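Asks: This is the structure, below, for whatever I ask next.
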Amino acid sequence: MRIYNSTSHKVEKFIPKTEGKVQMYTCGPTVYHFAHIGNLRSYIMEDVLEKYLDYAGYDVNRVMNITDVGHLTSDGDTGDDKMLKGAKREHKTVMEIAKFYTDAFFQDCKKLNIKKPDTVVPATTYIGEFIKVIRSLMEKGYAYEAGGNIYFDTSKLKKYYVFGDFGEEDLAVGVREGVEADDNKRNKADFVLWFTKSKFDDQELKWNSPWGIGYPGWHIECSCISMKNNGEYLDIHCGGIDNQFPHHTNEIAQSESFLGHPWCSYWFHVHHLNTSGGKMSKSKGEFLTVSLLEEKGYDPLVYRFFCLQSHYRKSLVFSYENLDNAKAAYDKLTARIAQLMGENDKGEIAAADFERLKSGFSAAMDDDLNTSNAITALYDVLKADISTATKLALTEDFDRVLSLGLSDRAKKLIEKSAEENIPQDIRDLAAQRAEARKAKNFSLADELRDKISAMGYVIEETRQGTKISKKA
C-alpha cells in the first residue's frame, strides 16, 4: 500500500512500526454543534482508510478524541471557548451540550456507515494526563509561564513548520476580526498548553493544576490521548486539511519534545468540501447536515457514495445537482445488484475470476486510497463475463471497505418490488387479518392466513412489519 504523507509531500510505501499492526489516530469533533457534511467527509475517508487497512490484513487500533473543552473560536488560541459559546447559545451546561452533540455525531456516523473507533476519549476525562505532560515540557525547558498561562516555546525547536515553509503571516490563521493578539507570548508562533482563571474567569469547566485553576489548550489533548492509547509511536494520524496548521503542527512540536524522538510516521489529510462560495463552515452559515439531506429525501449513503467518487486529496464541490447525479448512479448500481440477486441460476463462485478482479480493487486502494478507481473496479465486476455468484461475492467483498450498503439496499428493492406485485385481493385479506390480530381474534386471523396460503402467497410477521410474498 502506498499513501501520501503530508510531511514529505510524497506518496510513500506504508510500513507500520510493528509488522501487521497499525496505530491510528483521528482528530475527533468539537461537540458544540452538529457536524456539517464538510466535517463528515473527513470521517468518511478516515473510515475507508481504517477498513482498507483491516481488509489488507492489518490489526488496526484506532483512537479518537472528543473535544469537549479547550477549543477556542480562533485556532490562534484566542476568543471564546467553542463549548462555552454553544452552552450560552442553547442555555445549557457545557456537559449537557457535549453529551447531546456527541450523541448526534455518532448517530450521523451510523447513518453514513462510519465505524466507531476502538477508543473514544472525551478531553475532560484526561486532565491528569495533560498536566503530567505539560509539567514535563516545563521541566525540559520547552514551556514557560506568562500572564497566568503556560505556553509552548517554539523557538526551542530546530524546525517548527513541519508541513511546509510558512512565514509569520501564516500565524494569523483562524484569528477573528477584533481579537487582540496575546502579548504574553515570547514568540508569535508560541501556543497555549494551559489557561488559568486569570484570563477566563467565566469558564465553566476548570481544574486545579500546579499553575492555578484553569483548563487545557486544544492542541495538548490530541497528543496526550494518542500517546496514552496508541503508545509512543504513532503510525498514521488523520484529520482535515485545515487541521494541518496550527493544530497538527503543534501536536508534533509538543509530542516529540515530550518523547524525545520522532512520533508519527504518516500524516493523512482530507481536503475540503466546498460550495460555490468556497469552503463549507459553520461560521459562514453554510450548515448542511445529514439530517437536512434526509429531510430533502437523500439517503445518507448517497452522500458517502458522492464522497467516494472523488479522491480525498482533491477539494470536492457540493451542489444538489452533483448530489442528484450521485443518487442516480447509486440507484442504478443497487438496481443492477438487485437484478443479479433475483436471478435463479447464479452459478458457482469461480476462485480464479474472484482473485483476478479483486486485484483490480486492491490496486486502486493501494494507490493512495483511490476510491474513485475502486468504484470503477466494482463496475468492471458487474460488466465482466463471469458467474453471477462471483459478481455478488465480489460486491460483498468490496463493500467491506466502501460500506455503501449495496446488498442491503438491493434486498430492499427486491422486497419493495415483490410487495408492489401483490394482488389487491391478497392485500385486502392481509389487512383483515391485521384487524383480527389487533382484536385478538386469533382463530379468524389463522383462517385468513390459510386462505392467503391457498391462493399461493405466504404472510409472516417480521421486525419490520407484515411481509407478504409469493410462494416459491
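Ligands are numbered from 1 in the order shown, chains are lettered A, B, ... in the order of the C-alpha cells, and residues start at 1 in each chain.
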So that I can check the surroundings of A:Asp446, please list as a PyMOL selection string every protein, DNA and RNA residue that reaches within 10 Å of it, counting only C-alpha atoms and ignoring chain neighbours fewer than 6 positions away.

Replies: chain A and resi 433+436-437+452

Asks: Using backbone DSSP assignments, extract all strand (DSSP E or B) residues from stretch 110-281 of chain A; output them as a PyMOL selection string.

Replies: chain A and resi 119-122+143-146+149-152+191-196+207+214-216+234-240+264-270+273-275+278-279

Asks: Go ahead and dump the residues you just picked, N, CA and C atoms, as a compact mmCIF listing (two decimals), in the first residue's frame.

Replies:
```txt
# COMPACT_ATOMS: atom_id res chain seq x y z
N THR A 119 -11.30 3.22 20.44
CA THR A 119 -11.21 4.01 21.67
C THR A 119 -11.62 5.43 21.38
N VAL A 120 -12.59 5.93 22.15
CA VAL A 120 -13.06 7.32 22.03
C VAL A 120 -12.90 7.97 23.40
N VAL A 121 -12.16 9.09 23.44
CA VAL A 121 -11.82 9.70 24.73
C VAL A 121 -12.25 11.17 24.77
N PRO A 122 -13.21 11.53 25.63
CA PRO A 122 -13.51 12.95 25.83
C PRO A 122 -12.34 13.64 26.52
N ALA A 143 8.53 24.76 27.70
CA ALA A 143 7.33 25.53 28.01
C ALA A 143 7.64 26.55 29.11
N TYR A 144 6.85 27.61 29.17
CA TYR A 144 7.06 28.68 30.15
C TYR A 144 5.72 29.25 30.60
N GLU A 145 5.75 29.90 31.75
CA GLU A 145 4.56 30.53 32.30
C GLU A 145 4.62 32.03 32.06
N ALA A 146 3.51 32.60 31.61
CA ALA A 146 3.43 34.04 31.39
C ALA A 146 1.98 34.49 31.48
N ASN A 149 -0.76 31.88 32.15
CA ASN A 149 -0.94 30.76 31.22
C ASN A 149 0.39 30.06 30.95
N ILE A 150 0.32 28.83 30.48
CA ILE A 150 1.51 28.06 30.14
C ILE A 150 1.59 27.96 28.62
N TYR A 151 2.75 28.35 28.07
CA TYR A 151 2.94 28.38 26.63
C TYR A 151 4.04 27.41 26.21
N PHE A 152 3.91 26.87 25.01
CA PHE A 152 4.99 26.09 24.40
C PHE A 152 5.91 27.07 23.69
N PHE A 191 2.24 28.66 21.49
CA PHE A 191 0.81 28.33 21.66
C PHE A 191 0.56 27.88 23.10
N VAL A 192 -0.70 27.98 23.50
CA VAL A 192 -1.09 27.75 24.90
C VAL A 192 -1.25 26.26 25.19
N LEU A 193 -0.65 25.84 26.29
CA LEU A 193 -0.83 24.48 26.81
C LEU A 193 -1.87 24.44 27.92
N TRP A 194 -1.92 25.53 28.71
CA TRP A 194 -2.86 25.57 29.84
C TRP A 194 -3.28 27.03 30.09
N PHE A 195 -4.59 27.24 30.15
CA PHE A 195 -5.15 28.55 30.51
C PHE A 195 -5.51 28.56 31.99
N THR A 196 -5.37 29.70 32.65
CA THR A 196 -5.80 29.81 34.05
C THR A 196 -6.93 30.81 34.20
N TRP A 207 -10.10 23.15 36.39
CA TRP A 207 -9.47 22.13 37.21
C TRP A 207 -8.26 22.72 37.94
N GLY A 214 -7.63 26.25 36.13
CA GLY A 214 -7.78 26.59 34.72
C GLY A 214 -8.19 25.40 33.89
N TYR A 215 -7.84 25.44 32.60
CA TYR A 215 -8.22 24.34 31.72
C TYR A 215 -7.22 24.23 30.57
N PRO A 216 -7.18 23.06 29.91
CA PRO A 216 -6.15 22.83 28.89
C PRO A 216 -6.41 23.55 27.58
N LEU A 234 3.29 6.49 16.76
CA LEU A 234 2.02 6.51 16.04
C LEU A 234 2.30 6.27 14.57
N ASP A 235 1.56 5.34 13.95
CA ASP A 235 1.79 5.05 12.54
C ASP A 235 1.15 6.09 11.63
N ILE A 236 -0.12 6.41 11.89
CA ILE A 236 -0.80 7.33 10.99
C ILE A 236 -1.79 8.21 11.76
N HIS A 237 -1.71 9.50 11.50
CA HIS A 237 -2.57 10.50 12.14
C HIS A 237 -3.44 11.13 11.06
N CYS A 238 -4.75 11.17 11.32
CA CYS A 238 -5.71 11.65 10.32
C CYS A 238 -6.39 12.94 10.76
N GLY A 239 -6.89 13.67 9.77
CA GLY A 239 -7.65 14.88 10.05
C GLY A 239 -7.92 15.66 8.78
N GLY A 240 -8.74 16.68 8.89
CA GLY A 240 -9.00 17.56 7.76
C GLY A 240 -7.78 18.40 7.45
N CYS A 264 5.10 10.45 14.85
CA CYS A 264 4.14 9.90 13.90
C CYS A 264 4.79 9.75 12.52
N SER A 265 4.61 8.57 11.90
CA SER A 265 5.27 8.27 10.63
C SER A 265 4.54 8.86 9.42
N TYR A 266 3.21 8.83 9.43
CA TYR A 266 2.43 9.27 8.26
C TYR A 266 1.30 10.20 8.71
N TRP A 267 1.10 11.25 7.92
CA TRP A 267 0.01 12.20 8.18
C TRP A 267 -0.94 12.18 6.99
N PHE A 268 -2.21 11.92 7.29
CA PHE A 268 -3.26 11.73 6.28
C PHE A 268 -4.27 12.87 6.40
N HIS A 269 -4.31 13.74 5.39
CA HIS A 269 -5.18 14.91 5.44
C HIS A 269 -6.21 14.89 4.32
N VAL A 270 -7.47 15.06 4.69
CA VAL A 270 -8.57 15.07 3.73
C VAL A 270 -8.89 16.53 3.38
N LEU A 273 -14.59 20.11 1.60
CA LEU A 273 -15.80 20.09 0.80
C LEU A 273 -16.18 21.55 0.60
N ASN A 274 -16.27 21.97 -0.64
CA ASN A 274 -16.58 23.36 -0.96
C ASN A 274 -17.98 23.50 -1.53
N THR A 275 -18.53 24.68 -1.38
CA THR A 275 -19.74 25.06 -2.10
C THR A 275 -19.31 26.06 -3.17
N GLY A 278 -17.13 28.67 -1.71
CA GLY A 278 -15.87 28.33 -1.05
C GLY A 278 -16.05 27.25 0.00
N LYS A 279 -15.10 27.16 0.94
CA LYS A 279 -15.11 26.13 1.98
C LYS A 279 -16.37 26.19 2.81
```

Asks: How would you write, as a PyMOL selection string, the set of residues in stretch 56-89 of chain A that DSSP gives as helix (DSSP H, G or I)?

Replies: chain A and resi 82-89

Asks: Name all residues at most 12 Å from A:Arg427 (count only C-alpha atoms; drop same-chain ones fewer than 4 positions away) and give them as a PyMOL selection string.

Replies: chain A and resi 419-423+431-434+448-449+452+455+457-459+466-469

Asks: Let me see the file: selected residues, C-alpha atoms, as an mmCIF file, in the first residue's frame.

Replies:
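Output contents, as saved in out37.cif:
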```cif
data_model
loop_
_atom_site.group_PDB
_atom_site.id
_atom_site.type_symbol
_atom_site.label_atom_id
_atom_site.label_comp_id
_atom_site.auth_asym_id
_atom_site.auth_seq_id
_atom_site.Cartn_x
_atom_site.Cartn_y
_atom_site.Cartn_z
ATOM 1 C CA GLU A 419 -44.797 -6.100 -2.432
ATOM 2 C CA GLU A 420 -45.857 -3.914 -5.350
ATOM 3 C CA ASN A 421 -46.751 -7.053 -7.322
ATOM 4 C CA ILE A 422 -49.060 -8.460 -4.639
ATOM 5 C CA PRO A 423 -52.674 -8.562 -5.976
ATOM 6 C CA ALA A 431 -55.474 -6.058 6.138
ATOM 7 C CA GLN A 432 -58.455 -8.036 7.508
ATOM 8 C CA ARG A 433 -56.021 -10.422 9.212
ATOM 9 C CA ALA A 434 -54.194 -7.484 10.798
ATOM 10 C CA LEU A 448 -57.370 -15.667 6.828
ATOM 11 C CA ARG A 449 -53.717 -16.749 6.796
ATOM 12 C CA ILE A 452 -53.991 -16.402 1.697
ATOM 13 C CA MET A 455 -54.195 -18.546 -3.035
ATOM 14 C CA TYR A 457 -48.982 -16.438 -1.013
ATOM 15 C CA VAL A 458 -47.168 -16.515 2.332
ATOM 16 C CA ILE A 459 -47.748 -13.958 5.089
ATOM 17 C CA THR A 466 -46.081 -7.785 7.986
ATOM 18 C CA LYS A 467 -44.422 -9.325 4.924
ATOM 19 C CA ILE A 468 -46.322 -10.896 2.036
ATOM 20 C CA SER A 469 -44.533 -12.945 -0.602
#
```

Asks: Using only C-alpha atoms, pick whichever of A:Ala335, A:Gly57, A:Lys358, A:Gly465 has the shortest atom-to-atom distance to A:Leu406.

Replies: A:Ala335

Asks: Please list as a VMD selection string every residue within 12 Å of A:Tyr298, counting only C-alpha atoms and excluding residues in the same chain fewer than 3 positions away.

Replies: chain A and resid 111 to 112 289 to 295 301 to 306 320 323 to 328 330 to 331

Asks: List as a ChimeraX atom specification the protein and nucleic acid residues near stretch 373-375 of chain A, meaning an atom at most 10 Å away when only C-alpha atoms are counted, but skip any in the same chain fewer than 3 places from it.

Replies: /A:305,308-311,358,360-367,369-370,378-381,398-399,401-402

Asks: Could you jot down the atom CA of A:Ser42 to atom CA of A:Gly164 separation for me, Å, one decimal place?

Replies: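 Result for atom CA of A:Ser42 versus atom CA of A:Gly164: 21.2 Å, one decimal.
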
Asks: Using only C-alpha atoms, which of the listed residues (A:Leu205, A:Met24, A:Ile66, A:Ala445) sits closest to A:Glu50?

Replies: A:Met24

Asks: Can you pull out the residues contacting A:Phe245? Cut-off 8 Å, using only C-alpha atoms, and skip same-chain residues under 4 positions away; I want them as a PDB file with N, CA and C atoms, in the first residue's frame.

Replies:
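around-v9.pdb, freshly written:
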```pdb
ATOM      1  N   PHE A 163       5.065  20.945   8.019  1.00  0.00           N
ATOM      2  CA  PHE A 163       4.274  20.607   6.830  1.00  0.00           C
ATOM      3  C   PHE A 163       4.583  21.496   5.630  1.00  0.00           C
ATOM      4  N   THR A 249       0.576  20.783  13.525  1.00  0.00           N
ATOM      5  CA  THR A 249       1.932  21.312  13.695  1.00  0.00           C
ATOM      6  C   THR A 249       2.287  21.379  15.173  1.00  0.00           C
ATOM      7  N   ASN A 250       1.332  21.843  15.971  1.00  0.00           N
ATOM      8  CA  ASN A 250       1.562  21.964  17.414  1.00  0.00           C
ATOM      9  C   ASN A 250       1.594  20.607  18.106  1.00  0.00           C
TER      10      ASN A 250
END
```

Asks: Rank nothing, just name the residue among A:Leu429, A:Met83, A:Ile213, A:Leu40 nearest to A:Gln107, using only C-alpha atoms.

Replies: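 With only C-alpha atoms as the atom set, the closest residue is A:Leu40.
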
Asks: What does the structure give for the distance between atom CA of A:Ala351 and atom CA of A:Val48, in Å to one decimal?

Replies: 25.5 Å

Asks: What lies within 10 Å of A:Asn230 using only C-alpha atoms, ignoring chain neighbours under 5 positions off, as a short mmCIF file (atom, residue, chain, number, x, y, z; two decimals) with N, CA and C atoms, in the first residue's frame?

Replies:
```cif
data_model
loop_
_atom_site.label_atom_id
_atom_site.label_comp_id
_atom_site.auth_asym_id
_atom_site.auth_seq_id
_atom_site.Cartn_x
_atom_site.Cartn_y
_atom_site.Cartn_z
N VAL A 22 -1.30 -1.58 13.15
CA VAL A 22 -1.33 -0.16 12.82
C VAL A 22 -1.92 0.63 13.98
N GLN A 23 -1.14 1.61 14.44
CA GLN A 23 -1.63 2.55 15.45
C GLN A 23 -2.13 3.80 14.71
N MET A 24 -3.42 4.06 14.82
CA MET A 24 -4.07 5.12 14.03
C MET A 24 -4.80 6.08 14.95
N TYR A 25 -4.63 7.37 14.69
CA TYR A 25 -5.31 8.39 15.50
C TYR A 25 -6.11 9.33 14.59
N ASN A 61 -5.58 -0.36 15.52
CA ASN A 61 -6.05 0.23 16.77
C ASN A 61 -6.29 1.71 16.50
N ARG A 62 -7.56 2.08 16.39
CA ARG A 62 -7.89 3.46 16.05
C ARG A 62 -8.43 4.19 17.28
N VAL A 63 -7.85 5.35 17.54
CA VAL A 63 -8.20 6.17 18.70
C VAL A 63 -8.71 7.52 18.22
N THR A 119 -11.30 3.22 20.44
CA THR A 119 -11.21 4.01 21.67
C THR A 119 -11.62 5.43 21.38
N CYS A 224 -1.80 13.86 24.07
CA CYS A 224 -1.86 13.03 25.27
C CYS A 224 -2.77 11.82 25.09
N ILE A 225 -3.91 12.02 24.44
CA ILE A 225 -4.85 10.92 24.24
C ILE A 225 -4.23 9.86 23.33
N ASP A 235 1.56 5.34 13.95
CA ASP A 235 1.79 5.05 12.54
C ASP A 235 1.15 6.09 11.63
#
```
